[in-house]
Amino acid sequence: MQSDLVVIVIPAYNEAETLPTLLPRVREVLPHAEILVVDDGSADETADAARAAGAIVASHPINLGYGAAIQTGYIYGLARGAKAILQMDADGQHEPRSALRLLSELEAGADLVLGSRFLSGARTYRAPFARRVGMRLFSAISGTILGRPVTDPTTGFQALSPAVARFYADGNFFPPDFPDADVLIRVGLAGFRVTEVPVDMYEKDGPSIHSGAKPIYYVLKMLVTIVLLLTLPRRRLSA
Amino acid sequence: MTLEARLFVALLGMLFLLIVLRSLRSHRMQFEYSLVWICLSLVLILAAVFQKTADRIAKWVGIDYPPAFFFLVCFFVVLVMLFQISLRLSVLSDRIRRLAQETAVAGALQSVRGEGGQDGQSGARVESGTTPDAPVESEDR
């Protein structure tokens with residue numbers, strides 16, 4: 001068992017252009033961590049670019065979705081006996097230096113650390129209006145249910161303990177598309193300690209995974225899932 | 001219903017039954033999925049042959065126009081079938097996802113071992129046949 005191993009999970013879909021820039025920056029901040037790029041059935045040279053930059057690559061033979069890609073990362077991290085799993089996006093949106101904050105909070109005893117772009121101390125992040133409304137809505141819902149403020153429930157910049165990674169990897173509830181506020185509420189209700197730290201995040205240039213008609217689907221899905229989640233007996237929520 | 005209409009419905013039912021049985025014989029369809037289609041075609045045939053009984057059942061459930069009852073039954077069966085297919089599709093999607101994930105993890109672990117990296121010898125293995133509830137386990141855990 002590698003008790004000190006940190007596995008960094010980077011789900012990537014057609015990110016051959018961004019990875020050569022991102023991976024050295026990540027490596028610079030966490031030189032001893034294992035970087036796993038989960039190539040989610042990319043049509044470009046994502047896997048080769050990741051390998052060339054020194055990352056380990058797990059390639060999905062088909063495109064499965066963002067959620068499935070990070071879940072693959074959790075399975076890998078557990079198999080490697082990692083003491084911490086850190087997930088971040090491949091598009092360069094997440095500042096690698098902020099990873100240290102996430103990991104030290106995890107070290108301090110949290111089970112799941114969310115990197116918030118809205119906590120004081122974080123660089124100003126301006127999302128498009130519709131997205132901002134969605135974020136506020138789910139922030140309010142998850143904060144109310146969990147009984148503590150959650151400023152950024154949709155963040156993809158997170159650090160997980162092996163227990164939470166196992167909870168996600170084993171659970172058939174983990175969505176293959178967008179694991180967001182619903183999963184966060186579930187993990188909170190299951191009794192895991194969830195905290196937030198400020199992180200630096202940059203606005204995306206390319207299309208979001210929530211572009212097109214997806215936001216409507218996403219909001220509907222979140223609302224239905226959260227309502228159904230609240231009807232589940234507590235014993236079925238526990239880890 | 002006129003005799004011609006009954007004959008037409010019965011023939012339609014028989015033709016459909018024949019198609020289902022042929023698909024079954026050539027293993028293009030599993031028995032599990034064919035059962036409901038066999039039942040549906042039998043209902044078509046029986047409703048045409050025993051029209052009076054079908055009419056009586058329609059009256060009994062309060063539908064004055066027997067063909068409407070007949071269509072309602074068919075519609076309901078098709079609805080149930082579609083629902084079942086949606087359920088099945090969800091299960092299959094989940095299995096395909098797990099399969100792809102485990103293939104990906106196995107490949108990644110193999111590459112780590114191949115490199116003889118930080119943990120070359122003690123790397124984890126992927127059990128063949130691991131299920132969604134039993135993900136990849138590390139040998140050295």
# chains A, B, ... in the order shown; residues from 1 in each chain; ligands from 1
>>> residues_around(residues="segment 108-114 of chain A", least_positions_apart="5", cutoff="7 Å", atoms="only C-alpha atoms", output="ChimeraX atom specification")
/A:102,155,157-161,164,192-197
>>> residues_around(residues="segment 40-43 of chain B", least_positions_apart="4", cutoff="8 Å", atoms="only C-alpha atoms", output="list in words")
Gly13, Met14, Phe16, Leu17, Val36, Ala47, Cys74 and Val77 of chain B
>>> write_last_selection(atoms="N, CA and C atoms", output="PDB file, in the first residue's frame")
ATOM      1  N   GLY B  13     -52.309 -11.245 -36.989  1.00  0.00           N
ATOM      2  CA  GLY B  13     -51.776 -11.856 -35.760  1.00  0.00           C
ATOM      3  C   GLY B  13     -50.887 -13.040 -36.077  1.00  0.00           C
ATOM      4  N   MET B  14     -51.339 -13.860 -37.040  1.00  0.00           N
ATOM      5  CA  MET B  14     -50.573 -15.059 -37.400  1.00  0.00           C
ATOM      6  C   MET B  14     -49.247 -14.682 -38.073  1.00  0.00           C
ATOM      7  N   PHE B  16     -47.599 -11.942 -37.638  1.00  0.00           N
ATOM      8  CA  PHE B  16     -46.724 -11.378 -36.614  1.00  0.00           C
ATOM      9  C   PHE B  16     -46.114 -12.496 -35.765  1.00  0.00           C
ATOM     10  N   LEU B  17     -46.951 -13.486 -35.419  1.00  0.00           N
ATOM     11  CA  LEU B  17     -46.481 -14.630 -34.623  1.00  0.00           C
ATOM     12  C   LEU B  17     -45.368 -15.376 -35.376  1.00  0.00           C
ATOM     13  N   VAL B  36     -43.507 -11.653 -24.698  1.00  0.00           N
ATOM     14  CA  VAL B  36     -44.594 -10.672 -24.710  1.00  0.00           C
ATOM     15  C   VAL B  36     -45.143 -10.480 -26.128  1.00  0.00           C
ATOM     16  N   ALA B  47     -58.763 -12.687 -30.221  1.00  0.00           N
ATOM     17  CA  ALA B  47     -59.795 -11.649 -30.244  1.00  0.00           C
ATOM     18  C   ALA B  47     -60.582 -11.703 -31.548  1.00  0.00           C
ATOM     19  N   CYS B  74     -53.920  -3.260 -26.695  1.00  0.00           N
ATOM     20  CA  CYS B  74     -52.686  -3.294 -27.484  1.00  0.00           C
ATOM     21  C   CYS B  74     -51.764  -2.134 -27.106  1.00  0.00           C
ATOM     22  N   VAL B  77     -50.116  -2.781 -23.753  1.00  0.00           N
ATOM     23  CA  VAL B  77     -49.046  -3.797 -23.843  1.00  0.00           C
ATOM     24  C   VAL B  77     -47.778  -3.171 -24.436  1.00  0.00           C
TER      25      VAL B  77
END
>>> closest_residue(among="A:Asp40, A:Glu34, A:Asp89, A:Asp170", to="chain B", atoms="only C-alpha atoms")
A:Asp170
>>> closest_atom_pairs(of="chain A", to="chain B", cutoff="8 Å", atoms="only C-alpha atoms", output="JSON lines")
{"residue": "A:Met1", "atom": "CA", "partner": "B:Asp140", "partner_atom": "CA", "distance": 5.5}
{"residue": "A:Gln2", "atom": "CA", "partner": "B:Asp119", "partner_atom": "CA", "distance": 7.8}
{"residue": "A:Ile56", "atom": "CA", "partner": "B:Ala108", "partner_atom": "CA", "distance": 6.3}
{"residue": "A:Val57", "atom": "CA", "partner": "B:Ala108", "partner_atom": "CA", "distance": 5.6}
{"residue": "A:Ala58", "atom": "CA", "partner": "B:Ala104", "partner_atom": "CA", "distance": 4.6}
{"residue": "A:Ser59", "atom": "CA", "partner": "B:Ala104", "partner_atom": "CA", "distance": 4.9}
{"residue": "A:His60", "atom": "CA", "partner": "B:Ala104", "partner_atom": "CA", "distance": 5.4}
{"residue": "A:Pro61", "atom": "CA", "partner": "B:Ala100", "partner_atom": "CA", "distance": 6.3}
{"residue": "A:Ile62", "atom": "CA", "partner": "B:Ala100", "partner_atom": "CA", "distance": 7.4}
{"residue": "A:Leu64", "atom": "CA", "partner": "B:Arg97", "partner_atom": "CA", "distance": 6.6}
{"residue": "A:Ala68", "atom": "CA", "partner": "B:Arg97", "partner_atom": "CA", "distance": 7.3}
{"residue": "A:Ala69", "atom": "CA", "partner": "B:Gln101", "partner_atom": "CA", "distance": 7.8}
{"residue": "A:Thr72", "atom": "CA", "partner": "B:Gln101", "partner_atom": "CA", "distance": 5.4}
{"residue": "A:Gly73", "atom": "CA", "partner": "B:Val105", "partner_atom": "CA", "distance": 8.0}
{"residue": "A:Ile75", "atom": "CA", "partner": "B:Val136", "partner_atom": "CA", "distance": 6.2}
{"residue": "A:Tyr76", "atom": "CA", "partner": "B:Val105", "partner_atom": "CA", "distance": 5.7}
{"residue": "A:Leu78", "atom": "CA", "partner": "B:Glu137", "partner_atom": "CA", "distance": 7.2}
{"residue": "A:Ala79", "atom": "CA", "partner": "B:Ser138", "partner_atom": "CA", "distance": 4.5}
{"residue": "A:Arg80", "atom": "CA", "partner": "B:Ala124", "partner_atom": "CA", "distance": 6.0}
{"residue": "A:Gly81", "atom": "CA", "partner": "B:Ser138", "partner_atom": "CA", "distance": 6.7}
{"residue": "A:Ala169", "atom": "CA", "partner": "B:Pro135", "partner_atom": "CA", "distance": 7.0}
{"residue": "A:Asp170", "atom": "CA", "partner": "B:Asp133", "partner_atom": "CA", "distance": 5.2}
{"residue": "A:Gly171", "atom": "CA", "partner": "B:Asp133", "partner_atom": "CA", "distance": 7.2}
{"residue": "A:Asn172", "atom": "CA", "partner": "B:Pro132", "partner_atom": "CA", "distance": 7.2}
>>> write_last_selection(atoms="N, CA and C atoms", output="short mmCIF file (atom, residue, chain, number, x, y, z; two decimals), in the first residue's frame")
data_model
loop_
_atom_site.label_atom_id
_atom_site.label_comp_id
_atom_site.auth_asym_id
_atom_site.auth_seq_id
_atom_site.Cartn_x
_atom_site.Cartn_y
_atom_site.Cartn_z
N MET A 1 0.82 -1.20 0.00
CA MET A 1 0.00 0.00 0.00
C MET A 1 0.86 1.26 0.00
N GLN A 2 0.58 2.14 -0.94
CA GLN A 2 1.36 3.38 -0.99
C GLN A 2 0.61 4.43 -0.19
N ILE A 56 -0.06 9.02 -16.74
CA ILE A 56 -0.56 7.67 -16.98
C ILE A 56 -1.92 7.87 -17.65
N VAL A 57 -2.23 7.01 -18.60
CA VAL A 57 -3.48 7.21 -19.34
C VAL A 57 -4.40 6.01 -19.18
N ALA A 58 -5.64 6.30 -18.84
CA ALA A 58 -6.69 5.27 -18.86
C ALA A 58 -7.63 5.68 -19.99
N SER A 59 -7.72 4.83 -21.00
CA SER A 59 -8.52 5.21 -22.17
C SER A 59 -9.85 4.49 -22.22
N HIS A 60 -10.91 5.25 -22.24
CA HIS A 60 -12.22 4.65 -22.48
C HIS A 60 -12.33 4.32 -23.96
N PRO A 61 -12.74 3.10 -24.30
CA PRO A 61 -12.86 2.78 -25.73
C PRO A 61 -13.97 3.58 -26.41
N ILE A 62 -14.91 4.08 -25.62
CA ILE A 62 -15.99 4.91 -26.17
C ILE A 62 -16.20 6.11 -25.24
N LEU A 64 -17.93 8.07 -22.62
CA LEU A 64 -18.90 7.68 -21.59
C LEU A 64 -19.47 8.87 -20.83
N ALA A 68 -18.50 9.50 -15.69
CA ALA A 68 -17.91 8.17 -15.83
C ALA A 68 -16.38 8.27 -15.86
N ALA A 69 -15.87 9.33 -16.48
CA ALA A 69 -14.41 9.49 -16.58
C ALA A 69 -13.80 9.70 -15.19
N THR A 72 -13.84 6.49 -13.25
CA THR A 72 -12.73 5.62 -13.65
C THR A 72 -11.47 6.01 -12.86
N GLY A 73 -11.30 7.30 -12.69
CA GLY A 73 -10.16 7.79 -11.92
C GLY A 73 -10.23 7.33 -10.46
N ILE A 75 -11.69 4.61 -9.36
CA ILE A 75 -11.41 3.16 -9.35
C ILE A 75 -9.90 2.94 -9.44
N TYR A 76 -9.26 3.71 -10.29
CA TYR A 76 -7.81 3.60 -10.44
C TYR A 76 -7.11 3.99 -9.13
N LEU A 78 -8.19 3.97 -6.11
CA LEU A 78 -8.41 2.96 -5.06
C LEU A 78 -7.52 1.74 -5.31
N ALA A 79 -7.44 1.35 -6.59
CA ALA A 79 -6.60 0.20 -6.93
C ALA A 79 -5.13 0.46 -6.60
N ARG A 80 -4.73 1.72 -6.69
CA ARG A 80 -3.34 2.08 -6.39
C ARG A 80 -3.11 2.33 -4.91
N GLY A 81 -4.19 2.27 -4.14
CA GLY A 81 -4.05 2.48 -2.70
C GLY A 81 -3.69 3.92 -2.35
N ALA A 169 -17.20 5.16 -6.26
CA ALA A 169 -16.86 4.10 -7.23
C ALA A 169 -17.84 2.94 -7.13
N ASP A 170 -18.27 2.64 -5.90
CA ASP A 170 -19.16 1.49 -5.71
C ASP A 170 -20.62 1.82 -5.98
N GLY A 171 -20.97 3.08 -5.76
CA GLY A 171 -22.39 3.44 -5.80
C GLY A 171 -22.95 3.47 -7.20
N ASN A 172 -24.09 2.80 -7.38
CA ASN A 172 -24.71 2.86 -8.71
C ASN A 172 -25.45 4.18 -8.92
#
>>> select_by_dssp(residues="segment 7-212 of chain A", states="alpha helix (DSSP H)", output="PyMOL selection string")
chain A and resi 19-29+46-52+66-79+99-107+129-146+162-170+181-189
>>> residues_around(residues="segment 228-234 of chain A", least_positions_apart="4", cutoff="8 Å", atoms="only C-alpha atoms", output="VMD selection string")
chain A and resid 182 186 189 to 190 224 238
>>> atom_distance(atom1="atom CA of Phe173 of chain A", atom2="atom CA of Gly143 of chain A")
20.5 Å
>>> select_by_dssp(residues="segment 55-105 of chain A", states="strand (DSSP E or B)", output="list of chain:residue names")
A:Ile56, A:Val57, A:Ala58, A:Ser59, A:His60, A:Ala84, A:Ile85, A:Leu86, A:Gln87, A:His94
>>> atom_distance(atom1="atom CA of Ile45 of chain B", atom2="atom CA of Leu82 of chain B")
22.2 Å
